[in-house]
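Next comes my_file26.txt, with compact mmCIF, N, CA and C atoms.
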# COMPACT_ATOMS: atom_id res chain seq x y z
N MET A 1 -7.60 32.13 9.43
CA MET A 1 -7.36 30.71 9.30
C MET A 1 -7.68 30.29 7.87
N SER A 2 -6.69 29.80 7.14
CA SER A 2 -6.92 29.40 5.75
C SER A 2 -7.01 27.89 5.65
N LYS A 3 -7.86 27.47 4.73
CA LYS A 3 -8.00 26.04 4.47
C LYS A 3 -7.03 25.65 3.37
N LYS A 4 -6.49 24.43 3.48
CA LYS A 4 -5.63 23.93 2.41
C LYS A 4 -6.50 23.54 1.23
N SER A 5 -6.04 23.85 0.04
CA SER A 5 -6.77 23.41 -1.13
C SER A 5 -6.50 21.92 -1.31
N PRO A 6 -7.38 21.19 -1.99
CA PRO A 6 -7.13 19.77 -2.20
C PRO A 6 -5.80 19.50 -2.87
N ALA A 7 -5.34 20.39 -3.75
CA ALA A 7 -4.07 20.18 -4.45
C ALA A 7 -2.88 20.29 -3.51
N SER A 8 -2.99 21.09 -2.44
CA SER A 8 -1.86 21.26 -1.54
C SER A 8 -2.03 20.49 -0.23
N ALA A 9 -3.18 19.86 -0.04
CA ALA A 9 -3.41 19.09 1.18
C ALA A 9 -2.44 17.92 1.23
N GLY A 10 -2.13 17.48 2.43
CA GLY A 10 -1.22 16.34 2.58
C GLY A 10 -1.79 15.09 1.95
N CYS A 11 -0.90 14.19 1.56
CA CYS A 11 -1.31 12.92 0.97
C CYS A 11 -2.00 12.07 2.05
N PRO A 12 -3.02 11.32 1.70
CA PRO A 12 -3.68 10.46 2.69
C PRO A 12 -2.73 9.50 3.40
N CYS A 13 -1.62 9.12 2.76
CA CYS A 13 -0.68 8.17 3.37
C CYS A 13 0.17 8.82 4.45
N GLY A 14 0.06 10.15 4.59
CA GLY A 14 0.85 10.86 5.59
C GLY A 14 2.01 11.62 4.99
N GLY A 15 2.21 11.49 3.70
CA GLY A 15 3.30 12.19 3.02
C GLY A 15 2.91 13.60 2.65
N PRO A 16 3.76 14.25 1.85
CA PRO A 16 3.45 15.62 1.40
C PRO A 16 2.24 15.60 0.48
N ALA A 17 2.04 16.61 -0.30
CA ALA A 17 0.87 16.73 -1.18
C ALA A 17 0.72 15.49 -2.06
N LEU A 18 -0.53 15.08 -2.27
CA LEU A 18 -0.85 13.92 -3.10
C LEU A 18 -0.15 14.00 -4.46
N ALA A 19 -0.11 15.19 -5.04
CA ALA A 19 0.47 15.37 -6.37
C ALA A 19 1.96 15.03 -6.42
N THR A 20 2.65 15.11 -5.28
CA THR A 20 4.08 14.81 -5.26
C THR A 20 4.40 13.55 -4.46
N CYS A 21 3.38 12.89 -3.95
CA CYS A 21 3.59 11.69 -3.14
C CYS A 21 3.03 10.48 -3.89
N CYS A 22 1.85 10.03 -3.57
CA CYS A 22 1.25 8.85 -4.18
C CYS A 22 0.60 9.10 -5.53
N GLY A 23 0.20 10.34 -5.79
CA GLY A 23 -0.51 10.67 -7.02
C GLY A 23 0.15 10.18 -8.29
N PRO A 24 1.44 10.43 -8.51
CA PRO A 24 2.08 9.98 -9.76
C PRO A 24 2.04 8.46 -9.94
N TYR A 25 2.10 7.69 -8.86
CA TYR A 25 2.04 6.22 -8.97
C TYR A 25 0.63 5.80 -9.35
N ILE A 26 -0.36 6.38 -8.67
CA ILE A 26 -1.76 6.02 -8.91
C ILE A 26 -2.19 6.41 -10.33
N GLU A 27 -1.69 7.55 -10.80
CA GLU A 27 -2.05 8.02 -12.14
C GLU A 27 -1.27 7.31 -13.25
N GLY A 28 -0.24 6.54 -12.88
CA GLY A 28 0.56 5.84 -13.89
C GLY A 28 1.68 6.67 -14.47
N ALA A 29 1.96 7.84 -13.89
CA ALA A 29 3.02 8.71 -14.39
C ALA A 29 4.39 8.28 -13.88
N ALA A 30 4.43 7.44 -12.84
CA ALA A 30 5.69 6.97 -12.27
C ALA A 30 5.47 5.59 -11.68
N ILE A 31 6.56 4.87 -11.46
CA ILE A 31 6.53 3.55 -10.85
C ILE A 31 7.04 3.68 -9.41
N ALA A 32 6.30 3.12 -8.46
CA ALA A 32 6.73 3.16 -7.06
C ALA A 32 8.12 2.53 -6.94
N PRO A 33 9.11 3.27 -6.42
CA PRO A 33 10.49 2.76 -6.39
C PRO A 33 10.76 1.75 -5.28
N THR A 34 9.91 1.69 -4.27
CA THR A 34 10.12 0.78 -3.16
C THR A 34 8.80 0.11 -2.78
N ALA A 35 8.90 -0.99 -2.04
CA ALA A 35 7.69 -1.65 -1.55
C ALA A 35 6.92 -0.72 -0.63
N GLU A 36 7.62 0.05 0.19
CA GLU A 36 6.93 0.98 1.08
C GLU A 36 6.16 2.03 0.30
N ALA A 37 6.76 2.58 -0.77
CA ALA A 37 6.06 3.57 -1.59
C ALA A 37 4.82 2.95 -2.23
N LEU A 38 4.92 1.70 -2.68
CA LEU A 38 3.75 1.03 -3.25
C LEU A 38 2.68 0.82 -2.18
N MET A 39 3.08 0.38 -0.99
CA MET A 39 2.12 0.16 0.09
C MET A 39 1.40 1.47 0.43
N ARG A 40 2.14 2.57 0.52
CA ARG A 40 1.53 3.86 0.81
C ARG A 40 0.54 4.26 -0.28
N SER A 41 0.91 4.05 -1.53
CA SER A 41 0.01 4.41 -2.63
C SER A 41 -1.23 3.52 -2.64
N ARG A 42 -1.07 2.27 -2.24
CA ARG A 42 -2.23 1.38 -2.16
C ARG A 42 -3.17 1.82 -1.04
N TYR A 43 -2.61 2.28 0.08
CA TYR A 43 -3.45 2.81 1.16
C TYR A 43 -4.27 4.00 0.62
N THR A 44 -3.60 4.90 -0.07
CA THR A 44 -4.27 6.06 -0.65
C THR A 44 -5.35 5.61 -1.64
N ALA A 45 -5.03 4.62 -2.47
CA ALA A 45 -5.99 4.12 -3.45
C ALA A 45 -7.20 3.48 -2.77
N TYR A 46 -7.00 2.81 -1.64
CA TYR A 46 -8.14 2.26 -0.90
C TYR A 46 -9.06 3.39 -0.47
N GLY A 47 -8.49 4.48 0.02
CA GLY A 47 -9.30 5.63 0.42
C GLY A 47 -10.07 6.24 -0.74
N GLN A 48 -9.49 6.16 -1.93
CA GLN A 48 -10.14 6.68 -3.14
C GLN A 48 -11.09 5.66 -3.78
N ARG A 49 -11.07 4.43 -3.26
CA ARG A 49 -11.84 3.32 -3.84
C ARG A 49 -11.42 3.09 -5.29
N ASN A 50 -10.12 3.17 -5.53
CA ASN A 50 -9.55 3.05 -6.87
C ASN A 50 -9.21 1.57 -7.12
N GLU A 51 -10.24 0.80 -7.44
CA GLU A 51 -10.07 -0.64 -7.66
C GLU A 51 -9.11 -0.97 -8.81
N PRO A 52 -9.15 -0.26 -9.95
CA PRO A 52 -8.21 -0.59 -11.03
C PRO A 52 -6.74 -0.52 -10.58
N TYR A 53 -6.37 0.51 -9.82
CA TYR A 53 -4.98 0.62 -9.36
C TYR A 53 -4.64 -0.50 -8.38
N LEU A 54 -5.54 -0.77 -7.46
CA LEU A 54 -5.28 -1.83 -6.48
C LEU A 54 -5.09 -3.18 -7.16
N LEU A 55 -5.92 -3.49 -8.13
CA LEU A 55 -5.78 -4.77 -8.83
C LEU A 55 -4.51 -4.81 -9.68
N ALA A 56 -4.16 -3.69 -10.30
CA ALA A 56 -2.95 -3.64 -11.14
C ALA A 56 -1.69 -3.80 -10.32
N THR A 57 -1.73 -3.45 -9.03
CA THR A 57 -0.54 -3.54 -8.18
C THR A 57 -0.57 -4.78 -7.29
N TRP A 58 -1.54 -5.64 -7.49
CA TRP A 58 -1.68 -6.89 -6.74
C TRP A 58 -1.07 -8.00 -7.58
N HIS A 59 -0.21 -8.82 -7.02
CA HIS A 59 0.46 -9.89 -7.77
C HIS A 59 -0.59 -10.84 -8.34
N ALA A 60 -0.39 -11.25 -9.59
CA ALA A 60 -1.36 -12.11 -10.28
C ALA A 60 -1.64 -13.41 -9.52
N SER A 61 -0.67 -13.91 -8.77
CA SER A 61 -0.84 -15.18 -8.07
C SER A 61 -1.82 -15.10 -6.89
N THR A 62 -2.08 -13.89 -6.39
CA THR A 62 -2.97 -13.73 -5.24
C THR A 62 -4.07 -12.69 -5.47
N ARG A 63 -4.12 -12.12 -6.66
CA ARG A 63 -5.09 -11.07 -6.97
C ARG A 63 -6.52 -11.61 -6.88
N PRO A 64 -7.39 -10.91 -6.15
CA PRO A 64 -8.78 -11.37 -6.04
C PRO A 64 -9.52 -11.25 -7.36
N THR A 65 -10.50 -12.11 -7.53
CA THR A 65 -11.32 -12.05 -8.74
C THR A 65 -12.66 -11.39 -8.46
N GLU A 66 -13.03 -11.28 -7.21
CA GLU A 66 -14.29 -10.62 -6.84
C GLU A 66 -14.03 -9.13 -6.62
N PRO A 67 -15.09 -8.31 -6.71
CA PRO A 67 -14.92 -6.86 -6.48
C PRO A 67 -14.34 -6.58 -5.09
N LEU A 68 -13.52 -5.54 -4.99
CA LEU A 68 -12.90 -5.18 -3.72
C LEU A 68 -13.83 -4.37 -2.83
N PHE A 69 -14.78 -3.66 -3.43
CA PHE A 69 -15.65 -2.77 -2.67
C PHE A 69 -17.11 -3.09 -2.93
N GLY A 70 -17.89 -3.10 -1.86
CA GLY A 70 -19.33 -3.25 -2.00
C GLY A 70 -19.96 -1.87 -2.08
N ALA A 71 -21.06 -1.77 -2.82
CA ALA A 71 -21.74 -0.49 -2.98
C ALA A 71 -22.20 0.08 -1.64
N GLU A 72 -22.54 -0.80 -0.71
CA GLU A 72 -23.06 -0.36 0.60
C GLU A 72 -21.95 -0.10 1.63
N GLU A 73 -20.71 -0.36 1.27
CA GLU A 73 -19.61 -0.23 2.21
C GLU A 73 -19.43 1.23 2.63
N LYS A 74 -19.45 1.46 3.93
CA LYS A 74 -19.27 2.80 4.49
C LYS A 74 -17.98 2.81 5.33
N LEU A 75 -16.87 2.84 4.64
CA LEU A 75 -15.56 2.79 5.28
C LEU A 75 -14.84 4.11 5.05
N HIS A 76 -14.27 4.67 6.11
CA HIS A 76 -13.54 5.93 6.00
C HIS A 76 -12.15 5.73 6.60
N TRP A 77 -11.11 5.88 5.76
CA TRP A 77 -9.73 5.70 6.21
C TRP A 77 -9.28 6.95 6.94
N LEU A 78 -8.63 6.77 8.10
CA LEU A 78 -8.26 7.88 8.98
C LEU A 78 -6.76 8.19 9.01
N GLY A 79 -5.92 7.19 8.81
CA GLY A 79 -4.49 7.45 8.89
C GLY A 79 -3.67 6.19 8.76
N LEU A 80 -2.40 6.38 8.46
CA LEU A 80 -1.47 5.28 8.23
C LEU A 80 -0.19 5.51 9.03
N GLU A 81 0.28 4.46 9.67
CA GLU A 81 1.58 4.49 10.36
C GLU A 81 2.40 3.31 9.86
N VAL A 82 3.54 3.60 9.25
CA VAL A 82 4.45 2.54 8.81
C VAL A 82 5.32 2.17 10.00
N LYS A 83 5.24 0.91 10.41
CA LYS A 83 6.01 0.43 11.55
C LYS A 83 7.45 0.09 11.15
N SER A 84 7.59 -0.60 10.03
CA SER A 84 8.94 -0.97 9.59
C SER A 84 8.90 -1.47 8.17
N SER A 85 10.04 -1.38 7.55
CA SER A 85 10.25 -1.93 6.22
C SER A 85 11.44 -2.87 6.33
N LEU A 86 11.27 -4.10 5.89
CA LEU A 86 12.32 -5.11 6.03
C LEU A 86 13.63 -4.65 5.42
N ARG A 87 13.57 -4.01 4.25
CA ARG A 87 14.80 -3.59 3.58
C ARG A 87 15.60 -2.63 4.46
N LEU A 88 14.92 -1.75 5.20
CA LEU A 88 15.63 -0.83 6.08
C LEU A 88 16.42 -1.59 7.14
N ARG A 89 15.80 -2.65 7.66
CA ARG A 89 16.48 -3.44 8.70
C ARG A 89 17.61 -4.27 8.12
N GLN A 90 17.53 -4.60 6.84
CA GLN A 90 18.54 -5.48 6.24
C GLN A 90 19.59 -4.74 5.43
N ARG A 91 19.56 -3.42 5.44
CA ARG A 91 20.46 -2.64 4.59
C ARG A 91 21.92 -3.06 4.74
N LYS A 92 22.31 -3.42 5.94
CA LYS A 92 23.71 -3.78 6.17
C LYS A 92 23.99 -5.26 5.88
N ALA A 93 22.96 -6.04 5.62
CA ALA A 93 23.15 -7.45 5.32
C ALA A 93 23.82 -7.59 3.95
N GLU A 94 24.72 -8.55 3.84
CA GLU A 94 25.47 -8.72 2.59
C GLU A 94 24.60 -9.18 1.43
N HIS A 95 23.67 -10.07 1.71
CA HIS A 95 22.90 -10.68 0.62
C HIS A 95 21.41 -10.38 0.75
N ALA A 96 21.07 -9.12 0.94
CA ALA A 96 19.65 -8.74 1.04
C ALA A 96 18.97 -9.04 -0.30
N ASP A 97 17.78 -9.60 -0.24
CA ASP A 97 17.01 -9.91 -1.44
C ASP A 97 16.37 -8.63 -1.95
N GLU A 98 16.79 -8.16 -3.11
CA GLU A 98 16.26 -6.91 -3.64
C GLU A 98 14.99 -7.11 -4.45
N GLU A 99 14.52 -8.35 -4.55
CA GLU A 99 13.30 -8.64 -5.30
C GLU A 99 12.12 -8.92 -4.38
N ARG A 100 12.35 -8.94 -3.06
CA ARG A 100 11.28 -9.16 -2.08
C ARG A 100 11.45 -8.15 -0.95
N ASP A 101 10.33 -7.74 -0.38
CA ASP A 101 10.39 -6.83 0.76
C ASP A 101 9.14 -7.04 1.59
N THR A 102 9.19 -6.60 2.82
CA THR A 102 8.08 -6.70 3.75
C THR A 102 7.91 -5.34 4.40
N VAL A 103 6.65 -4.91 4.53
CA VAL A 103 6.34 -3.64 5.17
C VAL A 103 5.27 -3.89 6.23
N GLU A 104 5.56 -3.44 7.46
CA GLU A 104 4.59 -3.55 8.55
C GLU A 104 3.94 -2.19 8.75
N PHE A 105 2.61 -2.18 8.86
CA PHE A 105 1.91 -0.91 9.03
C PHE A 105 0.66 -1.09 9.88
N VAL A 106 0.16 0.04 10.36
CA VAL A 106 -1.14 0.10 11.03
C VAL A 106 -1.95 1.16 10.30
N ALA A 107 -3.10 0.74 9.79
CA ALA A 107 -4.02 1.67 9.13
C ALA A 107 -5.26 1.81 10.02
N ARG A 108 -5.65 3.05 10.25
CA ARG A 108 -6.83 3.31 11.08
C ARG A 108 -7.99 3.70 10.17
N PHE A 109 -9.19 3.22 10.52
CA PHE A 109 -10.37 3.53 9.73
C PHE A 109 -11.61 3.50 10.60
N LYS A 110 -12.68 4.04 10.05
CA LYS A 110 -13.99 4.01 10.71
C LYS A 110 -14.95 3.27 9.79
N VAL A 111 -15.73 2.41 10.40
CA VAL A 111 -16.79 1.72 9.66
C VAL A 111 -18.02 1.73 10.56
N GLY A 112 -19.13 2.22 10.00
CA GLY A 112 -20.35 2.31 10.79
C GLY A 112 -20.19 3.15 12.04
N GLY A 113 -19.35 4.20 11.98
CA GLY A 113 -19.13 5.08 13.12
C GLY A 113 -18.17 4.53 14.16
N ARG A 114 -17.67 3.33 13.96
CA ARG A 114 -16.78 2.70 14.93
C ARG A 114 -15.33 2.70 14.44
N ALA A 115 -14.41 3.15 15.28
CA ALA A 115 -12.99 3.18 14.91
C ALA A 115 -12.40 1.78 14.97
N GLU A 116 -11.61 1.46 13.96
CA GLU A 116 -10.95 0.15 13.85
C GLU A 116 -9.50 0.40 13.44
N ARG A 117 -8.70 -0.66 13.54
CA ARG A 117 -7.33 -0.58 13.04
C ARG A 117 -6.96 -1.89 12.38
N LEU A 118 -6.18 -1.78 11.33
CA LEU A 118 -5.68 -2.93 10.59
C LEU A 118 -4.17 -2.93 10.76
N HIS A 119 -3.63 -3.95 11.43
CA HIS A 119 -2.19 -4.09 11.63
C HIS A 119 -1.76 -5.26 10.75
N GLU A 120 -0.94 -4.98 9.74
CA GLU A 120 -0.56 -6.00 8.78
C GLU A 120 0.93 -5.96 8.50
N VAL A 121 1.49 -7.12 8.24
CA VAL A 121 2.83 -7.25 7.69
C VAL A 121 2.63 -7.73 6.26
N SER A 122 2.89 -6.85 5.31
CA SER A 122 2.62 -7.13 3.90
C SER A 122 3.87 -7.61 3.19
N ASN A 123 3.69 -8.56 2.28
CA ASN A 123 4.78 -9.11 1.48
C ASN A 123 4.68 -8.57 0.06
N PHE A 124 5.81 -8.15 -0.46
CA PHE A 124 5.89 -7.58 -1.80
C PHE A 124 6.97 -8.30 -2.60
N VAL A 125 6.79 -8.32 -3.91
CA VAL A 125 7.78 -8.88 -4.81
C VAL A 125 7.99 -7.89 -5.95
N ARG A 126 9.22 -7.80 -6.43
CA ARG A 126 9.52 -6.92 -7.56
C ARG A 126 9.85 -7.80 -8.76
N GLU A 127 9.10 -7.58 -9.83
CA GLU A 127 9.32 -8.36 -11.05
C GLU A 127 8.81 -7.57 -12.25
N ALA A 128 9.07 -8.09 -13.42
CA ALA A 128 8.64 -7.43 -14.66
C ALA A 128 7.13 -7.49 -14.77
N ASP A 129 6.54 -6.36 -15.11
CA ASP A 129 5.10 -6.27 -15.32
C ASP A 129 4.78 -6.96 -16.65
N PRO A 130 3.86 -7.94 -16.65
CA PRO A 130 3.52 -8.61 -17.90
C PRO A 130 3.00 -7.66 -18.97
N ALA A 131 2.39 -6.55 -18.57
CA ALA A 131 1.81 -5.60 -19.52
C ALA A 131 2.86 -4.83 -20.31
N ASP A 132 3.93 -4.38 -19.63
CA ASP A 132 4.90 -3.52 -20.33
C ASP A 132 6.36 -3.91 -20.08
N GLY A 133 6.61 -4.92 -19.27
CA GLY A 133 7.97 -5.38 -19.02
C GLY A 133 8.75 -4.56 -18.02
N ALA A 134 8.17 -3.47 -17.53
CA ALA A 134 8.86 -2.62 -16.55
C ALA A 134 8.97 -3.35 -15.21
N LEU A 135 10.08 -3.15 -14.53
CA LEU A 135 10.29 -3.75 -13.22
C LEU A 135 9.45 -2.99 -12.20
N ARG A 136 8.53 -3.69 -11.53
CA ARG A 136 7.61 -3.05 -10.58
C ARG A 136 7.48 -3.89 -9.32
N TRP A 137 7.06 -3.22 -8.25
CA TRP A 137 6.71 -3.89 -7.01
C TRP A 137 5.24 -4.29 -7.09
N PHE A 138 4.92 -5.47 -6.55
CA PHE A 138 3.55 -5.94 -6.45
C PHE A 138 3.27 -6.42 -5.04
N TYR A 139 2.06 -6.13 -4.54
CA TYR A 139 1.60 -6.66 -3.26
C TYR A 139 1.26 -8.14 -3.48
N VAL A 140 1.76 -9.01 -2.60
CA VAL A 140 1.49 -10.45 -2.71
C VAL A 140 0.43 -10.86 -1.69
N ASP A 141 0.75 -10.67 -0.41
CA ASP A 141 -0.17 -11.04 0.66
C ASP A 141 0.33 -10.44 1.96
N GLY A 142 -0.35 -10.76 3.04
CA GLY A 142 0.06 -10.24 4.33
C GLY A 142 -0.47 -11.10 5.45
N HIS A 143 0.05 -10.85 6.63
CA HIS A 143 -0.47 -11.53 7.81
C HIS A 143 -0.65 -10.49 8.92
N PHE A 144 -1.40 -10.86 9.92
CA PHE A 144 -1.79 -9.94 10.97
C PHE A 144 -1.13 -10.34 12.28
N PRO A 145 -0.09 -9.61 12.71
CA PRO A 145 0.60 -9.97 13.95
C PRO A 145 -0.30 -9.78 15.17
N GLN A 146 0.02 -10.51 16.20
CA GLN A 146 -0.77 -10.42 17.45
C GLN A 146 -0.53 -9.11 18.14
Output the structure of this file as structure tokens.
Amino acid sequence: MSKKSPASAGCPCGGPALATCCGPYIEGAAIAPTAEALMRSRYTAYGQRNEPYLLATWHASTRPTEPLFGAEEKLHWLGLEVKSSLRLRQRKAEHADEERDTVEFVARFKVGGRAERLHEVSNFVREADPADGALRWFYVDGHFPQ
């Protein structure tokens, strides 16, 4: 029985190896091409406690000013399930908005030894990054369906 090396282990978001999935977005070597790819990379970044990436991919209009992580926080992310992406449902629509998208997901985690789940419908917008002018997706906000 062989163990996977960290380099070949699956990406935390559920995709293939981190190096070929979310890694290039988080490292700044590539731009997430879709809202879903950005959402997956943000999930991975939460697991890594990568606050700079999370803030850089959060829309300026809703970006928090307080720290995202507390030093005492004992949160362990367990898995991600993407329920739907609005663009996939609207592909056949004549006038789909290519600058906005919505992704519904369920993220599972443990905090204090107790399993929890976060079910969110996230809103994303694609616009020019003020830093370099490149067209990028940004997380805006989300709501929690019943």
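Residue neighbourhood of Gly47 (chain A), excluding near-sequence residues (fewer than 6 positions): Pro12, Ser41, Leu75, His76, Trp77 and Leu78 of chain A, at 8 Å, using all atoms listed in the file.
Within region 44-109 of chain A, DSSP applied to the backbone places the following residues in alpha helix (DSSP H): Thr44, Ala45, Tyr46, Gly47, Gln48, Glu51, Pro52, Tyr53, Leu54, Leu55, Ala56, Leu86, Arg87, Leu88, Arg89 and Gln90 of chain A.
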Within 6.5 Å of Ser122 (chain A), counting all atoms listed in the file, which residues qualify if same-chain residues fewer than 5 places away don't, as a VMD selection string? chain A and resid 101 to 105 140 to 143
Using all atoms listed in the file, the residue out of A:Val125, A:Leu18, A:Val82, A:Met39 with shortest distance to Val106 (chain A) is A:Val82
DSSP strand (DSSP E) residues within chain A, as an NGL selection string: :A and (75-85 or 100-111 or 114-128 or 135-143)
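From atom N of Ala60 (chain A) back to atom C of Cys13 (chain A), the distance works out to 24.5 Å.
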Counting only C-alpha atoms, figure out which residue out of A:Glu99, A:Glu73, A:Glu27, A:Glu81 gets nearest to Ala128 (chain A). A:Glu99
Ala107 (chain A) environment, 6 Å, only C-alpha atoms, sequence neighbours closer than 2 positions dropped, as a PyMOL selection string: chain A and resi 79-80+117-118
Lys74 (chain A) surroundings by all atoms listed in the file, 8 Å radius, close-in-sequence under 5 positions cut, as an MDAnalysis selection string: chainID A and resid 110:113
Between atom N of Trp137 (chain A) and atom N of Glu36 (chain A) lies a distance of 9.1 Å
Which of these, A:Arg114, A:Phe69, A:Ala32, A:Ser84, has the shortest distance to Arg49 (chain A) once you count all atoms listed in the file? A:Phe69
Of the residues A:Ala115, A:Ala9, A:Ile26, A:Leu135, which is the one nearest to Tyr53 (chain A), using all atoms listed in the file? A:Ile26
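Atom pair atom C of Leu68 (chain A) / atom N of Asp132 (chain A): separated by 24.4 Å.
Take the candidates A:Gly133, A:Leu54, A:Thr44, A:Pro67 and check each one against Ala17 (chain A) using only C-alpha atoms; the shortest distance goes to A:Thr44.
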Surrounding residues of region 56-59 of chain A excluding itself and chain neighbours under 4 positions, 6 Å, all atoms listed in the file, as an mmCIF file with N, CA and C atoms, in the coordinates of the input:
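Just written: result_3.cif:
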data_model
loop_
_atom_site.group_PDB
_atom_site.id
_atom_site.type_symbol
_atom_site.label_atom_id
_atom_site.label_comp_id
_atom_site.auth_asym_id
_atom_site.auth_seq_id
_atom_site.Cartn_x
_atom_site.Cartn_y
_atom_site.Cartn_z
ATOM 1 N N GLU A 51 -10.240 0.800 -7.440
ATOM 2 C CA GLU A 51 -10.070 -0.640 -7.660
ATOM 3 C C GLU A 51 -9.110 -0.970 -8.810
ATOM 4 N N PRO A 52 -9.150 -0.260 -9.950
ATOM 5 C CA PRO A 52 -8.210 -0.590 -11.030
ATOM 6 C C PRO A 52 -6.740 -0.520 -10.580
ATOM 7 N N ARG A 63 -4.120 -12.120 -6.660
ATOM 8 C CA ARG A 63 -5.090 -11.070 -6.970
ATOM 9 C C ARG A 63 -6.520 -11.610 -6.880
ATOM 10 N N TRP A 137 7.060 -3.220 -8.250
ATOM 11 C CA TRP A 137 6.710 -3.890 -7.010
ATOM 12 C C TRP A 137 5.240 -4.290 -7.090
ATOM 13 N N PHE A 138 4.920 -5.470 -6.550
ATOM 14 C CA PHE A 138 3.550 -5.940 -6.450
ATOM 15 C C PHE A 138 3.270 -6.420 -5.040
ATOM 16 N N TYR A 139 2.060 -6.130 -4.540
ATOM 17 C CA TYR A 139 1.600 -6.660 -3.260
ATOM 18 C C TYR A 139 1.260 -8.140 -3.480
ATOM 19 N N VAL A 140 1.760 -9.010 -2.600
ATOM 20 C CA VAL A 140 1.490 -10.450 -2.710
ATOM 21 C C VAL A 140 0.430 -10.860 -1.690
#
Top pick for closest residue to Arg126 (chain A), considering A:Glu72, A:Gln146, A:Pro33, A:Glu66 and counting only C-alpha atoms: A:Pro33
What would region 60-74 of chain A look like with N, CA, C and O atoms in place, written as a PDB file, keeping the file's coordinate frame?
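Final output, saved to part.pdb:
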ATOM      1  N   ALA A  60      -0.390 -11.250  -9.590  1.00  0.00           N
ATOM      2  CA  ALA A  60      -1.360 -12.110 -10.280  1.00  0.00           C
ATOM      3  C   ALA A  60      -1.640 -13.410  -9.520  1.00  0.00           C
ATOM      4  O   ALA A  60      -2.750 -13.934  -9.595  1.00  0.00           O
ATOM      5  N   SER A  61      -0.670 -13.910  -8.770  1.00  0.00           N
ATOM      6  CA  SER A  61      -0.840 -15.180  -8.070  1.00  0.00           C
ATOM      7  C   SER A  61      -1.820 -15.100  -6.890  1.00  0.00           C
ATOM      8  O   SER A  61      -2.342 -16.123  -6.446  1.00  0.00           O
ATOM      9  N   THR A  62      -2.080 -13.890  -6.390  1.00  0.00           N
ATOM     10  CA  THR A  62      -2.970 -13.730  -5.240  1.00  0.00           C
ATOM     11  C   THR A  62      -4.070 -12.690  -5.470  1.00  0.00           C
ATOM     12  O   THR A  62      -4.850 -12.435  -4.563  1.00  0.00           O
ATOM     13  N   ARG A  63      -4.120 -12.120  -6.660  1.00  0.00           N
ATOM     14  CA  ARG A  63      -5.090 -11.070  -6.970  1.00  0.00           C
ATOM     15  C   ARG A  63      -6.520 -11.610  -6.880  1.00  0.00           C
ATOM     16  O   ARG A  63      -6.832 -12.640  -7.454  1.00  0.00           O
ATOM     17  N   PRO A  64      -7.390 -10.910  -6.150  1.00  0.00           N
ATOM     18  CA  PRO A  64      -8.780 -11.370  -6.040  1.00  0.00           C
ATOM     19  C   PRO A  64      -9.520 -11.250  -7.360  1.00  0.00           C
ATOM     20  O   PRO A  64      -9.203 -10.401  -8.188  1.00  0.00           O
ATOM     21  N   THR A  65     -10.500 -12.110  -7.530  1.00  0.00           N
ATOM     22  CA  THR A  65     -11.320 -12.050  -8.740  1.00  0.00           C
ATOM     23  C   THR A  65     -12.660 -11.390  -8.460  1.00  0.00           C
ATOM     24  O   THR A  65     -13.335 -10.963  -9.392  1.00  0.00           O
ATOM     25  N   GLU A  66     -13.030 -11.280  -7.210  1.00  0.00           N
ATOM     26  CA  GLU A  66     -14.290 -10.620  -6.840  1.00  0.00           C
ATOM     27  C   GLU A  66     -14.030  -9.130  -6.620  1.00  0.00           C
ATOM     28  O   GLU A  66     -12.904  -8.726  -6.372  1.00  0.00           O
ATOM     29  N   PRO A  67     -15.090  -8.310  -6.710  1.00  0.00           N
ATOM     30  CA  PRO A  67     -14.920  -6.860  -6.480  1.00  0.00           C
ATOM     31  C   PRO A  67     -14.340  -6.580  -5.090  1.00  0.00           C
ATOM     32  O   PRO A  67     -14.631  -7.290  -4.129  1.00  0.00           O
ATOM     33  N   LEU A  68     -13.520  -5.540  -4.990  1.00  0.00           N
ATOM     34  CA  LEU A  68     -12.900  -5.180  -3.720  1.00  0.00           C
ATOM     35  C   LEU A  68     -13.830  -4.370  -2.830  1.00  0.00           C
ATOM     36  O   LEU A  68     -13.678  -4.351  -1.613  1.00  0.00           O
ATOM     37  N   PHE A  69     -14.780  -3.660  -3.430  1.00  0.00           N
ATOM     38  CA  PHE A  69     -15.650  -2.770  -2.670  1.00  0.00           C
ATOM     39  C   PHE A  69     -17.110  -3.090  -2.930  1.00  0.00           C
ATOM     40  O   PHE A  69     -17.504  -3.302  -4.078  1.00  0.00           O
ATOM     41  N   GLY A  70     -17.890  -3.100  -1.860  1.00  0.00           N
ATOM     42  CA  GLY A  70     -19.330  -3.250  -2.000  1.00  0.00           C
ATOM     43  C   GLY A  70     -19.960  -1.870  -2.080  1.00  0.00           C
ATOM     44  O   GLY A  70     -19.470  -0.922  -1.481  1.00  0.00           O
ATOM     45  N   ALA A  71     -21.060  -1.770  -2.820  1.00  0.00           N
ATOM     46  CA  ALA A  71     -21.740  -0.490  -2.980  1.00  0.00           C
ATOM     47  C   ALA A  71     -22.200   0.080  -1.640  1.00  0.00           C
ATOM     48  O   ALA A  71     -22.205   1.286  -1.435  1.00  0.00           O
ATOM     49  N   GLU A  72     -22.540  -0.800  -0.710  1.00  0.00           N
ATOM     50  CA  GLU A  72     -23.060  -0.360   0.600  1.00  0.00           C
ATOM     51  C   GLU A  72     -21.950  -0.100   1.630  1.00  0.00           C
ATOM     52  O   GLU A  72     -22.227   0.364   2.726  1.00  0.00           O
ATOM     53  N   GLU A  73     -20.710  -0.360   1.270  1.00  0.00           N
ATOM     54  CA  GLU A  73     -19.610  -0.230   2.210  1.00  0.00           C
ATOM     55  C   GLU A  73     -19.430   1.230   2.630  1.00  0.00           C
ATOM     56  O   GLU A  73     -19.281   2.113   1.803  1.00  0.00           O
ATOM     57  N   LYS A  74     -19.450   1.460   3.930  1.00  0.00           N
ATOM     58  CA  LYS A  74     -19.270   2.800   4.490  1.00  0.00           C
ATOM     59  C   LYS A  74     -17.980   2.810   5.330  1.00  0.00           C
ATOM     60  O   LYS A  74     -18.014   2.776   6.544  1.00  0.00           O
TER      61      LYS A  74
END
